[in-house]
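Colleague: Sharing data33.txt (compact mmCIF, C-alpha atoms and all ligand atoms) below.
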# COMPACT_ATOMS: atom_id res chain seq x y z
CA MET A 27 33.42 38.42 -5.36
CA GLY A 28 34.82 41.90 -4.72
CA ASP A 29 32.56 44.80 -3.62
CA THR A 30 32.47 46.35 -7.07
CA GLU A 31 31.89 43.08 -8.92
CA GLN A 32 28.30 42.63 -10.17
CA PRO A 33 26.71 39.18 -10.61
CA SER A 34 26.56 38.22 -14.29
CA PRO A 35 22.98 38.11 -15.70
CA GLY A 36 23.08 34.29 -16.00
CA ALA A 37 24.50 33.65 -12.49
CA PRO A 38 22.11 32.38 -9.83
CA VAL A 39 21.13 34.89 -7.14
CA ARG A 40 22.73 33.74 -3.90
CA ILE A 41 20.66 33.10 -0.80
CA SER A 42 21.87 33.41 2.78
CA ALA A 43 20.76 31.27 5.73
CA GLU A 44 18.69 34.23 7.05
CA GLU A 45 16.97 34.62 3.68
CA VAL A 46 16.17 30.88 3.61
CA ALA A 47 14.65 31.14 7.09
CA GLU A 48 12.61 34.19 6.15
CA LEU A 49 11.14 32.54 3.05
CA GLN A 50 10.46 29.39 5.00
CA ALA A 51 8.53 31.43 7.60
CA ILE A 52 6.46 33.15 4.90
CA VAL A 53 5.53 29.85 3.25
CA GLU A 54 4.79 28.14 6.57
CA GLY A 55 2.65 31.10 7.69
CA CYS A 56 0.54 30.83 4.55
CA CYS A 57 0.04 27.09 4.05
CA GLY A 58 1.76 25.32 6.95
CA VAL A 59 4.41 23.65 4.79
CA PHE A 60 7.76 23.76 6.59
CA HIS A 61 9.78 20.69 5.62
CA GLY A 62 11.42 20.73 2.22
CA VAL A 63 11.39 24.52 2.06
CA ASP A 64 14.77 24.81 3.74
CA SER A 65 17.12 23.89 0.92
CA SER A 66 19.03 26.89 -0.41
CA TYR A 67 19.69 24.97 -3.63
CA LYS A 68 15.98 24.32 -4.17
CA LEU A 69 15.00 27.90 -3.38
CA GLN A 70 17.66 29.29 -5.69
CA ARG A 71 16.75 26.95 -8.53
CA ARG A 72 12.97 27.19 -8.25
CA LEU A 73 12.57 30.85 -7.26
CA GLY A 74 15.65 32.42 -8.90
CA PRO A 75 13.84 32.85 -12.25
CA ARG A 76 10.93 34.59 -10.50
CA LEU A 77 13.27 37.10 -8.83
CA LYS A 78 14.77 37.90 -12.19
CA ALA A 79 11.37 38.24 -13.85
CA LEU A 80 10.43 40.79 -11.16
CA GLY A 81 13.74 42.63 -11.54
CA LEU A 82 14.77 41.90 -7.94
CA SER A 83 18.41 41.31 -7.07
CA SER A 84 18.22 39.51 -3.71
CA PHE A 85 16.01 37.06 -1.81
CA ALA A 86 15.63 39.66 0.95
CA GLU A 87 13.97 41.95 -1.61
CA TYR A 88 11.85 39.04 -2.79
CA SER A 89 10.59 38.35 0.75
CA LYS A 90 9.77 42.04 1.17
CA TYR A 91 7.86 41.89 -2.14
CA LEU A 92 5.91 38.85 -0.94
CA ARG A 93 5.00 40.60 2.31
CA GLU A 94 4.32 44.12 1.09
CA ALA A 95 3.61 44.39 -2.64
CA ALA A 96 0.03 44.65 -3.87
CA ASP A 97 0.76 41.58 -5.99
CA GLY A 98 2.42 39.79 -3.03
CA PRO A 99 -0.41 37.29 -2.38
CA HIS A 100 -0.50 36.31 -6.05
CA GLU A 101 3.28 35.87 -6.10
CA LEU A 102 3.10 33.84 -2.88
CA ALA A 103 0.67 31.45 -4.55
CA GLU A 104 3.35 30.95 -7.26
CA VAL A 105 5.98 30.27 -4.57
CA ILE A 106 3.75 27.63 -2.99
CA GLU A 107 3.19 26.02 -6.40
CA GLU A 108 6.97 25.86 -6.88
CA LEU A 109 7.90 24.54 -3.45
CA THR A 110 5.19 22.06 -2.49
CA THR A 111 5.37 18.37 -3.33
CA HIS A 112 2.52 17.06 -5.47
CA GLU A 113 3.58 13.44 -5.81
CA THR A 114 0.63 11.05 -5.92
CA TYR A 115 -0.65 8.01 -7.82
CA PHE A 116 -3.62 5.67 -8.02
CA PHE A 117 -4.12 3.07 -5.30
CA ARG A 118 -1.29 4.47 -3.15
CA GLU A 119 -0.78 2.62 0.17
CA GLN A 120 -2.85 -0.39 -0.78
CA PHE A 121 -2.91 -1.91 2.73
CA GLN A 122 -4.79 1.13 3.99
CA LEU A 123 -7.18 1.08 1.05
CA ASP A 124 -7.91 -2.58 1.85
CA ALA A 125 -8.72 -1.61 5.44
CA PHE A 126 -10.91 1.22 4.13
CA SER A 127 -12.84 -1.09 1.77
CA GLN A 128 -13.14 -4.12 3.98
CA GLU A 129 -13.45 -2.66 7.47
CA VAL A 130 -14.40 1.02 7.38
CA LEU A 131 -16.88 1.15 4.51
CA PRO A 132 -19.17 -1.62 5.84
CA ALA A 133 -19.31 0.18 9.22
CA ILE A 134 -20.19 3.49 7.55
CA ALA A 135 -22.75 1.85 5.24
CA GLN A 136 -24.47 0.43 8.29
CA ARG A 137 -24.48 3.72 10.21
CA ARG A 138 -25.63 5.88 7.28
CA ARG A 139 -28.20 3.45 5.87
CA ALA A 140 -31.14 5.71 6.78
CA ALA A 141 -29.71 8.83 5.15
CA GLN A 142 -28.15 6.97 2.16
CA ARG A 143 -25.65 9.82 1.81
CA LEU A 144 -21.91 9.71 2.08
CA THR A 145 -19.32 12.49 1.83
CA ILE A 146 -15.60 11.76 1.76
CA TRP A 147 -12.81 14.33 1.44
CA SER A 148 -9.43 13.83 -0.11
CA ALA A 149 -7.66 16.69 1.67
CA GLY A 150 -4.45 17.60 -0.16
CA CYS A 151 -5.66 15.69 -3.21
CA SER A 152 -2.98 16.97 -5.60
CA THR A 153 -3.81 15.90 -9.19
CA GLY A 154 -6.80 13.81 -8.13
CA GLU A 155 -5.64 10.19 -8.25
CA GLU A 156 -6.50 9.68 -4.56
CA ALA A 157 -10.04 11.08 -4.91
CA TYR A 158 -10.71 8.92 -7.97
CA THR A 159 -9.26 5.86 -6.22
CA ILE A 160 -11.70 6.42 -3.33
CA ALA A 161 -14.61 6.84 -5.75
CA MET A 162 -13.70 3.59 -7.55
CA LEU A 163 -13.51 1.74 -4.25
CA LEU A 164 -16.96 3.08 -3.28
CA LEU A 165 -18.40 1.82 -6.56
CA GLU A 166 -16.55 -1.49 -6.37
CA SER A 167 -17.78 -2.15 -2.82
CA GLY A 168 -21.36 -2.61 -4.05
CA LEU A 169 -22.59 -1.19 -0.72
CA PHE A 170 -23.96 2.12 -1.95
CA SER A 171 -26.25 1.48 -4.88
CA GLY A 172 -28.74 4.39 -5.11
CA TRP A 173 -26.91 6.45 -2.46
CA ARG A 174 -25.86 10.06 -2.90
CA LEU A 175 -22.06 9.76 -2.98
CA GLU A 176 -19.65 12.67 -2.95
CA VAL A 177 -15.86 12.60 -3.00
CA VAL A 178 -14.47 16.11 -2.59
CA GLY A 179 -10.83 16.75 -3.49
CA LEU A 180 -9.26 19.77 -1.78
CA ASP A 181 -5.92 21.38 -2.52
CA ILE A 182 -4.28 24.77 -2.23
CA SER A 183 -2.75 24.51 -5.71
CA ARG A 184 -4.85 25.64 -8.66
CA LYS A 185 -2.53 23.92 -11.13
CA VAL A 186 -2.97 20.43 -9.73
CA LEU A 187 -6.73 20.95 -9.49
CA SER A 188 -7.10 21.64 -13.18
CA THR A 189 -5.41 18.26 -13.89
CA ALA A 190 -7.67 16.65 -11.29
CA ARG A 191 -10.82 18.05 -12.86
CA TYR A 192 -9.94 16.79 -16.33
CA GLY A 193 -8.89 13.39 -14.92
CA ALA A 194 -6.51 12.07 -17.62
CA TYR A 195 -3.28 10.41 -16.51
CA GLY A 196 -0.03 9.04 -17.93
CA SER A 197 1.87 5.96 -16.84
CA SER A 198 3.49 7.47 -13.71
CA SER A 199 0.06 7.72 -12.08
CA PHE A 200 -0.30 3.96 -12.34
CA ARG A 201 2.95 2.97 -10.66
CA SER A 202 1.49 1.30 -7.58
CA PRO A 203 2.92 -2.24 -7.66
CA SER A 204 -0.32 -3.72 -6.39
CA ILE A 205 -2.57 -1.97 -8.84
CA VAL A 206 -5.22 -4.08 -10.51
CA LEU A 207 -6.75 -1.48 -12.74
CA PRO A 208 -10.50 -1.75 -12.97
CA GLY A 209 -10.52 -1.25 -16.78
CA ARG A 210 -14.12 -0.14 -16.93
CA TYR A 211 -13.28 2.97 -14.97
CA PHE A 212 -10.85 4.33 -17.59
CA THR A 213 -10.89 5.16 -21.28
CA GLU A 214 -7.79 5.61 -23.39
CA CYS A 215 -7.20 9.12 -24.71
CA GLU A 216 -4.42 11.32 -26.07
CA VAL A 217 -3.15 14.42 -24.26
CA ASP A 218 -0.42 16.49 -25.98
CA GLY A 219 0.55 13.48 -28.13
CA ARG A 220 0.82 11.15 -25.12
CA THR A 221 -1.39 8.14 -24.55
CA CYS A 222 -3.27 8.63 -21.29
CA HIS A 223 -6.12 7.05 -19.41
CA ARG A 224 -9.10 9.22 -18.56
CA VAL A 225 -11.28 8.44 -15.58
CA ALA A 226 -14.73 7.33 -16.73
CA ASP A 227 -17.81 9.57 -16.33
CA GLU A 228 -19.32 7.19 -13.76
CA VAL A 229 -16.40 7.92 -11.42
CA ARG A 230 -15.92 11.59 -12.28
CA SER A 231 -19.59 12.29 -11.67
CA ILE A 232 -19.24 11.62 -7.94
CA CYS A 233 -16.01 13.62 -7.57
CA SER A 234 -15.57 17.37 -7.32
CA PHE A 235 -12.50 19.49 -6.66
CA ARG A 236 -12.09 22.74 -4.76
CA GLN A 237 -9.23 25.09 -4.15
CA LEU A 238 -8.88 25.49 -0.40
CA ASN A 239 -6.14 26.21 2.13
CA LEU A 240 -6.44 23.58 4.87
CA LEU A 241 -5.30 26.21 7.39
CA ASP A 242 -8.42 28.25 6.61
CA ARG A 243 -10.80 26.95 9.26
CA ALA A 244 -13.67 29.16 8.14
CA ALA A 245 -13.45 27.77 4.59
CA ILE A 246 -13.38 24.22 5.95
CA GLY A 247 -16.41 25.02 8.11
CA ARG A 248 -18.32 26.14 5.01
CA LEU A 249 -17.82 22.79 3.26
CA GLY A 250 -20.44 21.00 5.32
CA PRO A 251 -19.97 17.78 7.28
CA ALA A 252 -17.82 14.87 6.11
CA ASP A 253 -18.20 11.18 6.98
CA LEU A 254 -14.56 10.42 6.37
CA ILE A 255 -11.43 12.42 5.57
CA PHE A 256 -8.33 11.10 3.86
CA CYS A 257 -5.39 13.41 4.49
CA ARG A 258 -2.35 11.49 3.36
CA ASN A 259 1.18 12.74 2.80
CA VAL A 260 0.24 16.34 3.58
CA LEU A 261 0.81 16.83 7.33
CA ILE A 262 4.24 15.25 7.04
CA TYR A 263 5.52 18.46 5.41
CA MET A 264 4.05 20.71 8.10
CA GLY A 265 5.17 22.12 11.43
CA ALA A 266 3.38 21.22 14.68
CA ALA A 267 1.17 24.34 14.86
CA ALA A 268 -0.23 23.83 11.36
CA ARG A 269 -0.81 20.12 11.97
CA ARG A 270 -2.76 20.94 15.12
CA THR A 271 -4.91 23.58 13.38
CA ILE A 272 -5.75 21.22 10.52
CA VAL A 273 -6.47 18.18 12.69
CA ASP A 274 -8.77 20.31 14.89
CA ALA A 275 -10.60 21.59 11.81
CA PHE A 276 -11.04 18.02 10.57
CA TYR A 277 -12.46 16.99 13.93
CA ASP A 278 -15.06 19.76 13.80
CA ALA A 279 -15.92 18.95 10.18
CA LEU A 280 -16.47 15.23 10.74
CA VAL A 281 -19.83 13.85 11.81
CA PRO A 282 -19.74 12.02 15.17
CA GLY A 283 -18.35 8.57 14.34
CA GLY A 284 -16.55 10.00 11.27
CA TYR A 285 -13.06 8.75 10.37
CA LEU A 286 -9.72 10.39 9.68
CA LEU A 287 -7.17 8.39 7.65
CA LEU A 288 -3.60 9.68 7.50
CA GLY A 289 -0.62 8.52 5.41
CA HIS A 290 1.45 5.54 6.59
CA SER A 291 4.26 7.70 8.01
CA GLU A 292 1.90 10.16 9.71
CA ASN A 293 0.12 9.88 13.04
CA LEU A 294 -1.35 11.97 15.84
CA LEU A 295 1.12 10.68 18.45
CA ASN A 296 2.62 14.01 19.46
CA LEU A 297 -0.59 15.94 19.10
CA GLU A 298 -3.17 16.56 21.76
CA THR A 299 -6.36 15.56 20.00
CA ARG A 300 -9.96 14.62 20.66
CA PHE A 301 -9.84 11.75 18.15
CA GLU A 302 -10.01 8.16 19.37
CA ASN A 303 -7.74 5.47 17.92
CA VAL A 304 -9.44 2.64 16.08
CA HIS A 305 -7.25 -0.43 15.66
CA LEU A 306 -8.40 -2.23 12.53
CA ASP A 307 -6.95 -5.57 11.39
CA ARG A 308 -4.83 -3.84 8.78
CA ASP A 309 -4.41 -0.27 9.96
CA LEU A 310 -4.72 2.30 12.71
CA VAL A 311 -7.25 5.01 11.91
CA TYR A 312 -8.79 7.87 13.90
CA ARG A 313 -12.44 8.48 14.69
CA ARG A 314 -14.46 11.31 16.15
CA PRO A 315 -16.23 9.70 19.12
CA ILE A 316 -19.94 9.09 18.63
CA ALA A 317 -21.03 10.51 21.97
C1 LIG B 1 2.30 14.95 -1.62
S1 LIG B 1 0.70 15.55 -2.11
C2 LIG B 1 -0.33 14.27 -1.45
C3 LIG B 1 -1.33 13.76 -2.46
C4 LIG B 1 -2.23 12.62 -1.98
N1 LIG B 1 -2.91 12.96 -0.76
C5 LIG B 1 -1.43 11.35 -1.82
O1 LIG B 1 -1.15 10.95 -0.67
O2 LIG B 1 -1.07 10.73 -2.80
C6 LIG B 1 0.45 16.90 -0.96
C7 LIG B 1 -0.57 17.92 -1.46
O3 LIG B 1 -0.95 18.76 -0.37
C8 LIG B 1 -1.19 20.06 -0.87
N2 LIG B 1 -1.12 21.03 0.23
C9 LIG B 1 -0.04 21.42 0.95
N3 LIG B 1 -0.38 22.36 1.85
C10 LIG B 1 -1.71 22.55 1.72
C11 LIG B 1 -2.65 23.40 2.38
N4 LIG B 1 -2.28 24.22 3.38
N5 LIG B 1 -3.94 23.35 1.99
C12 LIG B 1 -4.32 22.53 0.98
N6 LIG B 1 -3.47 21.71 0.32
C13 LIG B 1 -2.19 21.72 0.70
C14 LIG B 1 -0.11 20.26 -1.92
O4 LIG B 1 -0.46 21.27 -2.86
C15 LIG B 1 -0.03 18.84 -2.54
O5 LIG B 1 -0.80 18.76 -3.72
Show this structure as structure tokens.
Ligand SMILES: C[S@@+](CC[C@H](N)C(=O)[O-])C[C@H]1O[C@@H](n2cnc3c(N)ncnc32)[C@H](O)[C@@H]1O
Modeller:
Amino acid sequence: MGDTEQPSPGAPVRISAEEVAELQAIVEGCCGVFHGVDSSYKLQRRLGPRLKALGLSSFAEYSKYLREAADGPHELAEVIEELTTHETYFFREQFQLDAFSQEVLPAIAQRRRAAQRLTIWSAGCSTGEEAYTIAMLLLESGLFSGWRLEVVGLDISRKVLSTARYGAYGSSSFRSPSIVLPGRYFTECEVDGRTCHRVADEVRSICSFRQLNLLDRAAIGRLGPADLIFCRNVLIYMGAAARRTIVDAFYDALVPGGYLLLGHSENLLNLETRFENVHLDRDLVYRRPIA
């Protein structure tokens, strides 16, 4: 393009390597997500329309807007919505859920039998399938009749949380090959002309959802103690500093003897951490030492 040539209104705004790096740093600084935010194609396609809506002509101007404009924090929340991955489905990573049901839950039931209270977080819960899966497994276990059970779903994205709170899902949420759907936990319903399955009241009544940035240690501290934290397929997108901050916050939030369960491709190998490894028959999980 010559110096005098202007981009046509329909043409995508180009992004340079420096502009990609700057946006990546802004997103990572806010929510820790680093991987998957480095594709110029993705940034152009997902954020291009937002630049145009704001009347900005370059990604450098957009980054400046995010950093300096009064509306910058609101716009940054939109960027995070656009760039983060929300993929999830019921009964994901069945081998780990089997270990949870058959090995971890009986140990927790034994330890908490006096209090008869159990709090589990689904940290980075996306649209809620993981939290509801956990709640169904608690009910199915038969170990907690009469207990006060709480499954708390946490996510930075307001959009996914509104889906989670309503709890109605189409077929893609049921794509786990090993899924044996406990029919009594769902009722058929219609959402926007589509047949969906809504999570039954019995399950929804023990689940709640909160908007929270996992990098916000003070907000995590205010949640109160957890007996177990699932944080699956979240840290994998983050840089080392964010992973360390979040894992430390989880450690402080867990009761002594509380468990941390990560996704199958995530581990604490390269992280200095106070957690101990617990080798179960079917999985490796992490535990805050009792003493
Ligand atoms: C790929 S989903 C994982 C969903 C579910 N845990 C699973 O494994 O099926 C990752 C979720 O983490 C959320 N997330 C990313 N960074 C976050 C942060 N700093 N605080 C809270 N949630 C975050 C995203 O919004 C997204 O919904």
Colleague: Calculate how many Å separate CA of Leu175 (chain A) from CA of His112 (chain A), rounding to one decimal.
Modeller: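 These atoms are spaced 25.8 Å apart.
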Colleague: Give the answer as one residue: which of A:Ser66, A:Asn293, A:Ser152, A:Ser202 has the shortest atom-to-atom distance to ligand LIG 1 (chain B), using all atoms listed in the file?
Modeller: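 So, comparing all the options, the nearest one is A:Ser152.
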Colleague: Determine the nearest neighbour of ligand LIG 1 (chain B) from the options A:Gln142, A:Thr111, A:Ser234, A:Thr221, counting all atoms listed in the file.
Modeller: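 Of the candidates, the smallest distance to ligand LIG 1 (chain B) is held by A:Thr111.
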Colleague: Set the distance at 12 Å and use all atoms listed in the file: which residues neighbour Gly168 (chain A) once local chain neighbours fewer than 4 positions away are removed? I'd like the list as number ranges by chain.
Modeller: A: 127-128, 131-132, 135, 161-164, 172-173
Colleague: Report as an MDAnalysis selection string all protein, DNA and RNA residues lying within 7 Å of region 261-274 of chain A, evaluated on all atoms listed in the file, omitting residues in the same chain fewer than 3 positions from it.
Modeller: chainID A and resid 58:61 240:241 277:278 292 297
Colleague: Adding 3 Å on each side of the box along x, y and z that holds all listed atoms of ligand LIG 1 (chain B), could you give its centre and edge lengths in Å to one decimal, as JSON?
Modeller:
{"center_x": -1.0, "center_y": 17.5, "center_z": -0.2, "size_x": 12.6, "size_y": 19.5, "size_z": 13.1}
Colleague: Closest to Gly250 (chain A) among A:Asp181, A:Asn296, A:Thr145, A:Gly193, using all atoms listed in the file?
Modeller: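 Closest residue, counting all atoms listed in the file: A:Thr145.
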Colleague: Near Tyr211 (chain A), within 7 Å and counting all atoms listed in the file, which residues show up once chain neighbours fewer than 4 positions away are dropped, as a list in words?
Modeller: Val225, Ala226 and Val229 of chain A
Colleague: Using all atoms listed in the file, pick whichever of A:Leu254, A:Ile52, A:Ile134, A:Ala244 has the shortest atom-to-atom distance to Pro99 (chain A).
Modeller: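 When distances to Pro99 (chain A) are compared using all atoms listed in the file, the smallest one comes from A:Ile52.
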Colleague: Let me make sure I understand: among A:Arg138, A:Arg243, A:Arg118, A:Arg258, which one has the smallest atom-to-atom distance to Ile205 (chain A) if we use only C-alpha atoms?
Modeller: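 Closest residue, counting only C-alpha atoms: A:Arg118.
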